[in-house]
$ cat work28.cif   # mmCIF, C-alpha atoms and all ligand atoms
data_coords
loop_
_atom_site.label_atom_id
_atom_site.label_comp_id
_atom_site.auth_asym_id
_atom_site.auth_seq_id
_atom_site.Cartn_x
_atom_site.Cartn_y
_atom_site.Cartn_z
CA MET A 1 -42.03 -14.05 34.08
CA SER A 2 -41.52 -17.60 32.95
CA LEU A 3 -40.14 -19.90 35.63
CA ALA A 4 -40.87 -18.80 39.16
CA GLY A 5 -41.02 -20.41 42.56
CA ASN A 6 -39.11 -21.43 45.62
CA LEU A 7 -37.44 -24.86 45.71
CA LYS A 8 -35.74 -27.00 48.33
CA LEU A 9 -33.82 -30.20 47.73
CA ARG A 10 -31.48 -32.30 49.84
CA ARG A 11 -28.75 -34.29 48.07
CA GLY A 12 -26.62 -36.10 50.66
CA GLN A 13 -25.09 -33.42 52.92
CA PHE A 14 -25.93 -30.68 50.45
CA VAL A 15 -29.09 -28.56 50.71
CA LEU A 16 -30.49 -26.52 47.85
CA ASP A 17 -32.70 -23.76 49.19
CA THR A 18 -33.28 -21.24 46.43
CA GLY A 19 -35.54 -18.68 48.11
CA GLU A 20 -38.05 -16.93 45.85
CA PHE A 21 -36.87 -16.65 42.26
CA ILE A 22 -38.21 -15.40 38.94
CA ILE A 23 -36.49 -16.29 35.69
CA PRO A 24 -37.52 -13.94 32.87
CA SER A 25 -39.47 -15.22 29.87
CA GLN A 26 -37.06 -13.72 27.38
CA GLY A 27 -33.40 -14.26 26.60
CA LEU A 28 -30.66 -16.29 28.20
CA THR A 29 -30.44 -16.54 31.97
CA ALA A 30 -27.04 -17.73 33.18
CA ILE A 31 -26.80 -19.57 36.48
CA PHE A 32 -23.36 -18.67 37.77
CA GLY A 33 -21.56 -19.99 40.81
CA HIS A 34 -18.49 -21.88 41.88
CA SER A 35 -18.21 -25.64 41.70
CA GLY A 36 -20.52 -27.21 44.29
CA SER A 37 -22.71 -24.10 44.70
CA GLY A 38 -25.75 -26.08 43.53
CA LYS A 39 -26.24 -25.06 39.90
CA THR A 40 -26.90 -28.55 38.58
CA SER A 41 -29.11 -29.38 41.56
CA PHE A 42 -31.19 -26.28 40.77
CA LEU A 43 -31.48 -27.11 37.07
CA ARG A 44 -32.42 -30.71 37.81
CA ALA A 45 -35.07 -29.50 40.25
CA LEU A 46 -36.46 -27.20 37.52
CA ALA A 47 -36.55 -30.12 35.11
CA GLY A 48 -38.32 -32.45 37.51
CA PHE A 49 -35.46 -34.97 37.58
CA GLU A 50 -35.39 -35.11 41.37
CA ASN A 51 -38.03 -36.87 43.47
CA GLU A 52 -37.37 -35.19 46.79
CA VAL A 53 -38.06 -31.59 45.79
CA GLU A 54 -40.13 -29.38 48.10
CA GLY A 55 -41.65 -25.98 47.45
CA ARG A 56 -43.38 -24.41 44.46
CA LEU A 57 -42.58 -24.02 40.79
CA LYS A 58 -44.65 -22.48 38.01
CA PHE A 59 -43.93 -22.13 34.31
CA VAL A 60 -45.98 -19.13 33.10
CA ASP A 61 -49.37 -20.15 34.51
CA GLU A 62 -48.77 -23.91 34.58
CA VAL A 63 -48.03 -25.44 37.99
CA TRP A 64 -44.98 -27.73 37.73
CA HIS A 65 -44.56 -28.39 41.40
CA HIS A 66 -46.64 -27.68 44.48
CA GLU A 67 -45.91 -29.27 47.83
CA GLN A 68 -46.11 -33.03 47.16
CA THR A 69 -47.51 -32.77 43.64
CA SER A 70 -45.06 -32.73 40.79
CA LEU A 71 -45.68 -32.60 37.05
CA PRO A 72 -43.47 -35.29 35.47
CA THR A 73 -40.58 -34.10 33.28
CA HIS A 74 -42.11 -35.37 30.02
CA LYS A 75 -45.17 -33.16 30.61
CA ARG A 76 -43.11 -30.02 31.30
CA GLN A 77 -42.34 -29.32 27.64
CA LEU A 78 -38.73 -28.49 28.31
CA GLY A 79 -35.50 -29.28 26.52
CA TYR A 80 -32.43 -30.33 28.53
CA VAL A 81 -28.91 -30.20 27.12
CA PHE A 82 -26.30 -32.12 29.11
CA GLN A 83 -22.57 -31.46 29.44
CA GLU A 84 -21.81 -34.16 26.92
CA ALA A 85 -23.94 -34.82 23.89
CA SER A 86 -25.40 -38.30 23.72
CA LEU A 87 -26.31 -39.01 20.12
CA PHE A 88 -27.32 -42.25 18.42
CA ALA A 89 -23.97 -43.52 17.20
CA HIS A 90 -25.44 -45.71 14.43
CA LEU A 91 -27.40 -42.83 12.84
CA ASN A 92 -26.14 -39.89 10.81
CA VAL A 93 -26.76 -36.27 11.79
CA LEU A 94 -30.00 -35.95 9.82
CA ASP A 95 -31.48 -39.07 11.38
CA ASN A 96 -30.48 -37.92 14.84
CA LEU A 97 -32.33 -34.68 14.16
CA LYS A 98 -35.38 -36.54 12.85
CA TYR A 99 -35.49 -38.32 16.16
CA GLY A 100 -36.06 -34.93 17.81
CA LEU A 101 -38.97 -34.28 15.45
CA LYS A 102 -40.50 -37.66 16.25
CA ARG A 103 -40.70 -36.71 19.92
CA VAL A 104 -43.16 -33.90 19.18
CA PRO A 105 -46.66 -34.85 20.40
CA LYS A 106 -49.25 -34.82 17.58
CA ASN A 107 -51.29 -31.96 19.00
CA ARG A 108 -48.32 -29.66 19.57
CA GLU A 109 -47.82 -26.70 17.29
CA CYS A 110 -44.38 -26.51 15.65
CA GLN A 111 -42.86 -23.15 16.56
CA ILE A 112 -39.24 -24.09 15.92
CA HIS A 113 -38.69 -25.19 12.33
CA PHE A 114 -36.17 -27.66 10.97
CA GLY A 115 -34.62 -25.24 8.45
CA GLU A 116 -34.03 -22.47 10.96
CA VAL A 117 -32.51 -24.79 13.55
CA VAL A 118 -30.11 -26.19 10.93
CA ASP A 119 -29.24 -22.63 9.94
CA TRP A 120 -28.79 -21.27 13.50
CA LEU A 121 -26.48 -24.13 14.42
CA GLY A 122 -24.66 -24.32 11.07
CA LEU A 123 -25.54 -27.96 10.44
CA GLN A 124 -26.26 -27.92 6.70
CA GLU A 125 -22.84 -29.30 5.77
CA LEU A 126 -22.99 -31.96 8.46
CA LEU A 127 -26.38 -33.56 7.76
CA THR A 128 -25.09 -36.66 5.97
CA ARG A 129 -22.10 -37.19 8.29
CA SER A 130 -21.97 -40.11 10.68
CA VAL A 131 -22.04 -38.72 14.22
CA GLN A 132 -18.96 -40.79 15.03
CA THR A 133 -16.89 -38.52 12.79
CA LEU A 134 -17.96 -35.28 14.50
CA SER A 135 -15.83 -33.14 16.80
CA GLY A 136 -17.03 -32.48 20.37
CA GLY A 137 -18.33 -29.03 19.42
CA GLU A 138 -20.18 -30.36 16.36
CA ARG A 139 -21.75 -33.14 18.42
CA GLN A 140 -22.97 -30.61 20.94
CA ARG A 141 -24.50 -28.45 18.16
CA VAL A 142 -26.37 -31.51 16.86
CA ALA A 143 -27.56 -32.37 20.37
CA ILE A 144 -28.85 -28.82 20.89
CA ALA A 145 -30.63 -28.89 17.51
CA ARG A 146 -32.25 -32.24 18.30
CA THR A 147 -33.47 -30.91 21.64
CA LEU A 148 -34.94 -27.82 19.98
CA LEU A 149 -36.75 -29.84 17.31
CA ALA A 150 -38.74 -31.53 20.08
CA GLN A 151 -40.39 -28.06 20.45
CA PRO A 152 -39.55 -27.14 24.04
CA LYS A 153 -41.10 -24.06 25.64
CA VAL A 154 -37.96 -23.57 27.71
CA LEU A 155 -34.38 -24.75 27.10
CA LEU A 156 -32.26 -25.84 30.08
CA MET A 157 -28.52 -26.22 29.41
CA ASP A 158 -26.09 -27.70 31.94
CA GLU A 159 -22.63 -26.36 31.00
CA PRO A 160 -22.94 -27.37 27.35
CA MET A 161 -19.31 -26.39 26.72
CA ALA A 162 -17.82 -28.14 29.75
CA ALA A 163 -16.41 -31.04 27.75
CA LEU A 164 -14.93 -28.84 24.99
CA ASP A 165 -11.39 -27.50 24.73
CA LEU A 166 -10.72 -23.77 24.44
CA PHE A 167 -10.65 -23.81 20.65
CA ALA A 168 -13.97 -25.68 20.40
CA LYS A 169 -15.53 -23.34 22.97
CA ARG A 170 -14.58 -20.32 20.88
CA ALA A 171 -16.00 -21.99 17.78
CA ILE A 172 -19.38 -22.84 19.34
CA MET A 173 -19.91 -19.47 21.06
CA PRO A 174 -21.32 -17.64 17.97
CA TYR A 175 -23.94 -20.38 17.55
CA LEU A 176 -25.05 -19.95 21.14
CA GLU A 177 -25.20 -16.17 20.64
CA ARG A 178 -27.37 -16.74 17.61
CA LEU A 179 -29.74 -18.98 19.59
CA ARG A 180 -29.99 -16.38 22.32
CA ASP A 181 -30.96 -13.74 19.75
CA GLU A 182 -33.25 -15.83 17.54
CA LEU A 183 -35.03 -18.24 19.87
CA ASN A 184 -38.32 -17.07 21.27
CA ILE A 185 -38.12 -19.29 24.33
CA PRO A 186 -36.22 -18.66 27.56
CA ILE A 187 -32.84 -20.36 27.92
CA VAL A 188 -31.47 -21.26 31.36
CA TYR A 189 -27.76 -21.88 31.09
CA ILE A 190 -25.38 -23.14 33.79
CA THR A 191 -21.80 -21.97 33.76
CA HIS A 192 -18.93 -21.19 36.08
CA SER A 193 -17.14 -19.19 33.38
CA PRO A 194 -17.30 -15.36 33.59
CA GLU A 195 -16.42 -15.22 29.87
CA GLU A 196 -19.54 -17.20 28.95
CA VAL A 197 -21.68 -15.00 31.18
CA GLU A 198 -20.38 -11.79 29.67
CA ARG A 199 -20.89 -12.96 26.11
CA LEU A 200 -24.14 -14.84 26.39
CA ALA A 201 -26.27 -13.80 29.33
CA ASP A 202 -29.15 -11.33 29.46
CA THR A 203 -29.84 -12.10 33.12
CA VAL A 204 -27.58 -13.66 35.77
CA VAL A 205 -28.61 -15.83 38.70
CA PHE A 206 -25.76 -15.95 41.24
CA MET A 207 -25.57 -19.06 43.42
CA GLN A 208 -23.57 -19.74 46.53
CA ASP A 209 -23.76 -22.63 49.03
CA GLY A 210 -27.08 -23.89 47.67
CA SER A 211 -28.84 -20.50 47.67
CA ILE A 212 -29.58 -17.88 45.07
CA THR A 213 -27.81 -14.74 46.26
CA GLN A 214 -28.89 -12.37 43.50
CA ILE A 215 -30.76 -12.23 40.19
CA GLU A 216 -29.95 -9.22 38.05
CA PRO A 217 -29.81 -7.99 34.45
CA ILE A 218 -26.46 -8.41 32.73
CA GLU A 219 -25.78 -4.66 32.57
CA GLN A 220 -25.83 -4.59 36.37
CA ALA A 221 -24.20 -7.97 36.98
CA LEU A 222 -21.12 -7.17 34.93
CA ASN A 223 -20.54 -3.66 36.01
CA ARG A 224 -21.29 -3.36 39.68
CA ALA A 225 -18.40 -3.00 42.09
CA GLY A 226 -17.51 -6.31 43.71
CA THR A 227 -19.41 -8.46 41.23
CA PRO A 228 -18.58 -12.15 41.74
CA LEU A 229 -17.86 -12.32 38.00
CA TYR A 230 -14.58 -10.46 38.33
CA GLN A 231 -12.78 -11.13 41.54
CA ASN A 232 -9.28 -10.53 40.25
CA GLN A 233 -9.68 -8.35 37.22
CA GLN A 234 -9.15 -4.72 36.48
CA PRO A 235 -12.48 -2.88 36.32
CA ARG A 236 -14.07 -2.87 32.90
CA ALA A 237 -17.49 -2.43 31.38
CA VAL A 238 -19.16 -4.80 28.98
CA LEU A 239 -21.92 -3.49 26.71
CA ALA A 240 -24.13 -4.99 24.04
CA ALA A 241 -24.02 -3.22 20.68
CA GLN A 242 -25.44 -3.83 17.23
CA VAL A 243 -23.30 -3.93 14.11
CA THR A 244 -24.69 -1.18 11.84
CA LYS A 245 -22.09 -0.73 9.09
CA HIS A 246 -18.76 -1.94 7.74
CA CYS A 247 -16.96 1.20 6.55
CA ASP A 248 -14.56 1.46 3.57
CA ASP A 249 -11.69 2.63 5.78
CA GLY A 250 -11.50 -0.64 7.70
CA LEU A 251 -13.70 0.32 10.63
CA THR A 252 -16.96 -1.21 11.79
CA GLU A 253 -19.73 1.01 13.11
CA LEU A 254 -21.67 -0.16 16.17
CA GLN A 255 -24.78 1.27 17.75
CA ILE A 256 -25.77 1.26 21.43
CA ALA A 257 -29.25 2.83 21.59
CA GLU A 258 -28.58 6.22 19.89
CA GLN A 259 -24.83 6.18 20.47
CA THR A 260 -22.34 5.24 17.79
CA LEU A 261 -19.02 3.48 18.35
CA TYR A 262 -16.23 2.72 15.87
CA ILE A 263 -13.94 -0.26 16.21
CA PRO A 264 -11.47 -1.98 13.89
CA HIS A 265 -13.25 -4.19 11.33
CA ILE A 266 -14.98 -7.30 12.67
CA LYS A 267 -16.48 -10.12 10.63
CA GLU A 268 -19.90 -10.15 12.30
CA ALA A 269 -22.75 -9.24 9.93
CA VAL A 270 -24.72 -6.00 9.99
CA GLY A 271 -27.65 -6.46 12.39
CA GLN A 272 -25.84 -8.88 14.67
CA THR A 273 -25.41 -8.12 18.37
CA VAL A 274 -21.90 -8.19 19.80
CA ARG A 275 -20.58 -7.50 23.26
CA VAL A 276 -17.86 -4.88 23.56
CA VAL A 277 -15.46 -4.45 26.42
CA ILE A 278 -14.06 -1.13 27.59
CA ALA A 279 -11.45 -1.10 30.36
CA ALA A 280 -11.99 1.61 32.98
CA GLU A 281 -8.47 2.93 32.48
CA GLN A 282 -9.18 3.48 28.78
CA VAL A 283 -11.91 6.03 29.54
CA SER A 284 -11.30 9.72 30.15
CA LEU A 285 -13.70 12.60 30.64
CA MET A 286 -14.12 15.85 28.70
CA ALA A 287 -16.42 18.75 29.37
CA GLN A 288 -17.64 18.93 25.78
CA GLN A 289 -17.41 17.19 22.43
CA PRO A 290 -13.91 17.93 21.10
CA GLN A 291 -13.67 19.78 17.79
CA GLN A 292 -10.49 17.95 17.00
CA SER A 293 -9.32 14.72 18.56
CA SER A 294 -7.48 11.64 17.41
CA MET A 295 -9.78 9.50 19.54
CA LEU A 296 -12.69 8.15 17.53
CA ASN A 297 -15.20 7.51 20.23
CA HIS A 298 -16.79 10.22 22.34
CA LEU A 299 -19.97 9.33 24.14
CA PRO A 300 -22.22 11.51 26.30
CA VAL A 301 -22.53 10.11 29.83
CA MET A 302 -23.90 10.97 33.24
CA ILE A 303 -21.86 10.37 36.39
CA GLU A 304 -23.81 7.96 38.59
CA SER A 305 -21.41 7.36 41.44
CA ILE A 306 -17.84 7.93 42.52
CA ASP A 307 -16.09 5.37 44.73
CA GLU A 308 -12.59 5.04 46.09
CA HIS A 309 -10.49 2.57 44.09
CA ASN A 310 -7.15 2.89 45.92
CA ASP A 311 -5.10 5.55 47.73
CA TYR A 312 -4.79 7.83 44.77
CA SER A 313 -7.53 6.86 42.32
CA LEU A 314 -11.31 6.72 42.05
CA LEU A 315 -13.69 4.50 40.13
CA LEU A 316 -16.51 6.41 38.47
CA LYS A 317 -19.66 4.68 37.34
CA LEU A 318 -21.02 6.47 34.28
CA ARG A 319 -24.25 5.84 32.42
CA LEU A 320 -24.37 6.20 28.66
CA GLU A 321 -27.05 8.79 28.00
CA ASN A 322 -30.39 7.27 26.94
CA THR A 323 -29.28 3.70 27.63
CA LEU A 324 -29.18 1.31 30.56
CA TRP A 325 -25.51 0.59 29.94
CA PRO A 326 -22.86 1.79 32.34
CA LEU A 327 -19.24 2.65 31.63
CA LEU A 328 -16.53 2.62 34.26
CA CYS A 329 -13.77 5.21 34.42
CA LEU A 330 -10.63 5.17 36.57
CA LEU A 331 -9.05 8.52 37.36
CA THR A 332 -6.87 10.10 39.99
CA LYS A 333 -8.29 11.90 43.00
CA ARG A 334 -6.35 14.92 41.77
CA SER A 335 -8.25 14.92 38.45
CA GLN A 336 -11.54 14.70 40.27
CA GLN A 337 -10.61 17.74 42.39
CA LYS A 338 -9.41 19.66 39.37
CA LEU A 339 -12.54 18.96 37.32
CA GLN A 340 -14.84 19.09 40.38
CA LEU A 341 -16.56 15.91 39.27
CA GLU A 342 -19.79 15.04 41.10
CA PRO A 343 -22.59 12.49 40.62
CA GLY A 344 -25.40 13.82 38.43
CA GLN A 345 -23.12 15.80 36.10
CA HIS A 346 -23.12 15.28 32.34
CA TRP A 347 -19.77 14.73 30.61
CA ILE A 348 -18.31 13.31 27.44
CA ALA A 349 -16.45 10.00 27.80
CA ALA A 350 -13.54 9.61 25.40
CA LEU A 351 -12.59 5.99 24.80
CA LYS A 352 -8.98 5.19 23.99
CA SER A 353 -9.73 1.65 22.94
CA VAL A 354 -12.69 -0.62 22.51
CA SER A 355 -12.60 -4.30 21.66
CA ILE A 356 -15.21 -6.98 21.17
CA LEU A 357 -15.42 -10.19 23.13
CA ASN A 358 -14.59 -13.19 20.99
N1 LIG B 401 -26.59 -37.47 44.09
C1 LIG B 401 -25.92 -36.78 45.03
N2 LIG B 401 -25.76 -37.28 46.27
C2 LIG B 401 -25.12 -36.60 47.22
N3 LIG B 401 -24.61 -35.39 47.05
C3 LIG B 401 -24.71 -34.84 45.83
C4 LIG B 401 -25.39 -35.50 44.77
N4 LIG B 401 -25.34 -34.72 43.70
C5 LIG B 401 -24.68 -33.60 44.07
N5 LIG B 401 -24.31 -33.68 45.35
C6 LIG B 401 -23.58 -32.62 46.09
O1 LIG B 401 -24.35 -31.44 46.02
C7 LIG B 401 -23.48 -30.31 45.94
C8 LIG B 401 -23.93 -29.43 44.77
O2 LIG B 401 -23.71 -30.11 43.56
P1 LIG B 401 -24.12 -29.49 42.15
O3 LIG B 401 -23.73 -30.50 41.11
O4 LIG B 401 -25.52 -29.05 42.19
O5 LIG B 401 -23.16 -28.20 42.10
P2 LIG B 401 -22.68 -27.37 40.85
O6 LIG B 401 -22.68 -25.94 41.28
O7 LIG B 401 -23.49 -27.73 39.66
O8 LIG B 401 -21.18 -27.87 40.70
P3 LIG B 401 -20.28 -28.07 39.38
O9 LIG B 401 -20.05 -26.70 38.81
O10 LIG B 401 -19.02 -28.67 39.93
O11 LIG B 401 -21.01 -28.98 38.46
C9 LIG B 401 -22.07 -30.84 45.81
O12 LIG B 401 -21.46 -30.73 47.06
C10 LIG B 401 -22.27 -32.29 45.43
O13 LIG B 401 -21.22 -33.07 45.95
#

$ encode --input "work28.cif" --output "structure tokens"
Amino acid sequence: MSLAGNLKLRRGQFVLDTGEFIIPSQGLTAIFGHSGSGKTSFLRALAGFENEVEGRLKFVDEVWHHEQTSLPTHKRQLGYVFQEASLFAHLNVLDNLKYGLKRVPKNRECQIHFGEVVDWLGLQELLTRSVQTLSGGERQRVAIARTLLAQPKVLLMDEPMAALDLFAKRAIMPYLERLRDELNIPIVYITHSPEEVERLADTVVFMQDGSITQIEPIEQALNRAGTPLYQNQQPRAVLAAQVTKHCDDGLTELQIAEQTLYIPHIKEAVGQTVRVVIAAEQVSLMAQQPQQSSMLNHLPVMIESIDEHNDYSLLLKLRLENTLWPLLCLLTKRSQQKLQLEPGQHWIAALKSVSILN
């Protein structure tokens, strides 16, 4: 575990009362909830920005808050990225980044290096530019890089894409994915966008009315029935896969544990992780691997549960064999009767179409 505790905070009429929480030490944890649910209040309490906090907070084995005693923010070794980047307008990008380096205390070991940060955030071409000429997305990338160069042990991000338009959001997403995969420190990331959660998160903290209602791994958060992430959407599964090969015939090969998937060519490099989406209605079940089939993707699965979807159809939760990833499958009650489908059985899932999130 990395950040763990139980925090209370009153802000006007609003009360944050988290209950016990543990944020994992690895990967990106998204804090998801509607506007006013208390996400920013929670992040500010983690950062030590609020004076009136009660409760306990520990980072690994360092006490950050206990009853009346609070470790000041500058001693918490954290990085905080705000919704809008505030850069030094009179300095160019390089000098803004150097400012981050200057904030590293002398005795602190440098774990995050200048070259890799510039590479992860694609800043090489921008180093000599005046920050006044940068787009919103570029400014935010510089702000994130500057924060990282101050060598935080945990990165807190308060809706870093909130001020960006749709096009800029799409453009910055791959950089955030890269950070999630390359950085060795936990990232806590506020959002109210299901799309950002499904592409970026490893763990999701759900918030409602000032409380944490659930903390769960992304595989579970995306794919459980009634997840707050998809209130009005058709059921679909989202899985993480690694790009393993770009084939000569225009397909890209992906790997999920030992399972292989083929999708139309994507530009992501071999080795990169992507998230794929498979709609429940695009999945059908077969008793065995077909000898001949026009469908490219056939994956062995186990039926975990069968729930009613509507009057005539059922939603099956399937687990890809040897992985933690579920698939969802919509079929008629008649098909279930005909095939005598039951939880615990092993089947082959045939996928009519698979796309990646981008
Ligand atoms: N300084 C303050 N004084 C009084 N009330 C505040 C203060 N800051 C926040 N609040 C209230 O606390 C509640 C939670 O706000 P918070 O910013 O934590 O929610 P949020 O989930 O981050 O929302 P959003 O997604 O809109 O940013 C809101 O009702 C807000 O009006």

$ residues_around --input "work28.cif" --residues "stretch 298-300 of chain A" --least-positions-apart "6" --cutoff "8 Å" --atoms "only C-alpha atoms" --output "VMD selection string"
chain A and resid 259 to 260 289 320 to 321 346 to 351

$ residues_near_ligand --input "work28.cif" --ligand "ligand LIG 401 (chain B)" --cutoff "6 Å" --atoms "all atoms listed in the file" --output "PyMOL selection string"
chain A and resi 11-12+14+34-41

$ write_last_selection --input "work28.cif" --atoms "C-alpha atoms" --output "PDB file, in the coordinates of the input"
ATOM      1  CA  ARG A  11     -28.750 -34.290  48.070  1.00  0.00           C
ATOM      2  CA  GLY A  12     -26.620 -36.100  50.660  1.00  0.00           C
ATOM      3  CA  PHE A  14     -25.930 -30.680  50.450  1.00  0.00           C
ATOM      4  CA  HIS A  34     -18.490 -21.880  41.880  1.00  0.00           C
ATOM      5  CA  SER A  35     -18.210 -25.640  41.700  1.00  0.00           C
ATOM      6  CA  GLY A  36     -20.520 -27.210  44.290  1.00  0.00           C
ATOM      7  CA  SER A  37     -22.710 -24.100  44.700  1.00  0.00           C
ATOM      8  CA  GLY A  38     -25.750 -26.080  43.530  1.00  0.00           C
ATOM      9  CA  LYS A  39     -26.240 -25.060  39.900  1.00  0.00           C
ATOM     10  CA  THR A  40     -26.900 -28.550  38.580  1.00  0.00           C
ATOM     11  CA  SER A  41     -29.110 -29.380  41.560  1.00  0.00           C
TER      12      SER A  41
END

$ atom_distance --input "work28.cif" --atom1 "atom CA of A:Gly137" --atom2 "atom CA of A:Val204"
24.3 Å

$ closest_residue --input "work28.cif" --among "A:Gly33, A:Gly19, A:Gly5, A:Pro343" --to "A:Val205" --atoms "only C-alpha atoms"
A:Gly33

$ residues_near_point --input "work28.cif" --point "(-9.7, -6.6, 24.9)" --cutoff "10 Å" --atoms "all atoms listed in the file" --output "ChimeraX atom specification"
/A:236,276-279,353-358

$ closest_atom_pairs --input "work28.cif" --of "stretch 69-95 of chain A" --to "stretch 57-60 of chain A" --cutoff "10 Å" --atoms "all atoms listed in the file" --output "JSON lines"
{"residue": "A:Ser70", "atom": "CA", "partner": "A:Leu57", "partner_atom": "CA", "distance": 9.1}
{"residue": "A:Leu71", "atom": "CA", "partner": "A:Leu57", "partner_atom": "CA", "distance": 9.9}
{"residue": "A:Arg76", "atom": "CA", "partner": "A:Phe59", "partner_atom": "CA", "distance": 8.5}
{"residue": "A:Gln77", "atom": "CA", "partner": "A:Phe59", "partner_atom": "CA", "distance": 9.9}

$ residues_around --input "work28.cif" --residues "A:Leu78" --least-positions-apart "2" --cutoff "10 Å" --atoms "all atoms listed in the file" --output "list in words"
Leu46, Ala47, Thr73, His74, Lys75, Arg76, Tyr80, Thr147, Leu148, Ala150, Gln151, Pro152, Lys153, Val154, Leu155 and Leu156 of chain A

$ residues_around --input "work28.cif" --residues "A:Gln242" --least-positions-apart "6" --cutoff "12 Å" --atoms "all atoms listed in the file" --output "PDB file with C-alpha atoms, in the frame of the given file"
ATOM      1  CA  ASP A 181     -30.960 -13.740  19.750  1.00  0.00           C
ATOM      2  CA  THR A 252     -16.960  -1.210  11.790  1.00  0.00           C
ATOM      3  CA  GLU A 253     -19.730   1.010  13.110  1.00  0.00           C
ATOM      4  CA  LEU A 254     -21.670  -0.160  16.170  1.00  0.00           C
ATOM      5  CA  GLN A 255     -24.780   1.270  17.750  1.00  0.00           C
ATOM      6  CA  ILE A 256     -25.770   1.260  21.430  1.00  0.00           C
ATOM      7  CA  ALA A 257     -29.250   2.830  21.590  1.00  0.00           C
ATOM      8  CA  GLU A 258     -28.580   6.220  19.890  1.00  0.00           C
ATOM      9  CA  GLN A 259     -24.830   6.180  20.470  1.00  0.00           C
ATOM     10  CA  THR A 260     -22.340   5.240  17.790  1.00  0.00           C
ATOM     11  CA  LEU A 261     -19.020   3.480  18.350  1.00  0.00           C
ATOM     12  CA  TYR A 262     -16.230   2.720  15.870  1.00  0.00           C
ATOM     13  CA  ILE A 266     -14.980  -7.300  12.670  1.00  0.00           C
ATOM     14  CA  GLU A 268     -19.900 -10.150  12.300  1.00  0.00           C
ATOM     15  CA  ALA A 269     -22.750  -9.240   9.930  1.00  0.00           C
ATOM     16  CA  VAL A 270     -24.720  -6.000   9.990  1.00  0.00           C
ATOM     17  CA  GLY A 271     -27.650  -6.460  12.390  1.00  0.00           C
ATOM     18  CA  GLN A 272     -25.840  -8.880  14.670  1.00  0.00           C
ATOM     19  CA  THR A 273     -25.410  -8.120  18.370  1.00  0.00           C
ATOM     20  CA  VAL A 274     -21.900  -8.190  19.800  1.00  0.00           C
ATOM     21  CA  ARG A 275     -20.580  -7.500  23.260  1.00  0.00           C
ATOM     22  CA  VAL A 276     -17.860  -4.880  23.560  1.00  0.00           C
ATOM     23  CA  ILE A 356     -15.210  -6.980  21.170  1.00  0.00           C
TER      24      ILE A 356
END

$ residues_around --input "work28.cif" --residues "A:Pro235" --least-positions-apart "5" --cutoff "12 Å" --atoms "all atoms listed in the file" --output "NGL selection string"
:A and (222-227 or 229-230 or 277-283 or 309 or 314-317 or 327-331)

$ closest_residue --input "work28.cif" --among "A:Ala241, A:Leu94, A:Ala221, A:Leu16" --to "A:Ala45" --atoms "all atoms listed in the file"
A:Leu16
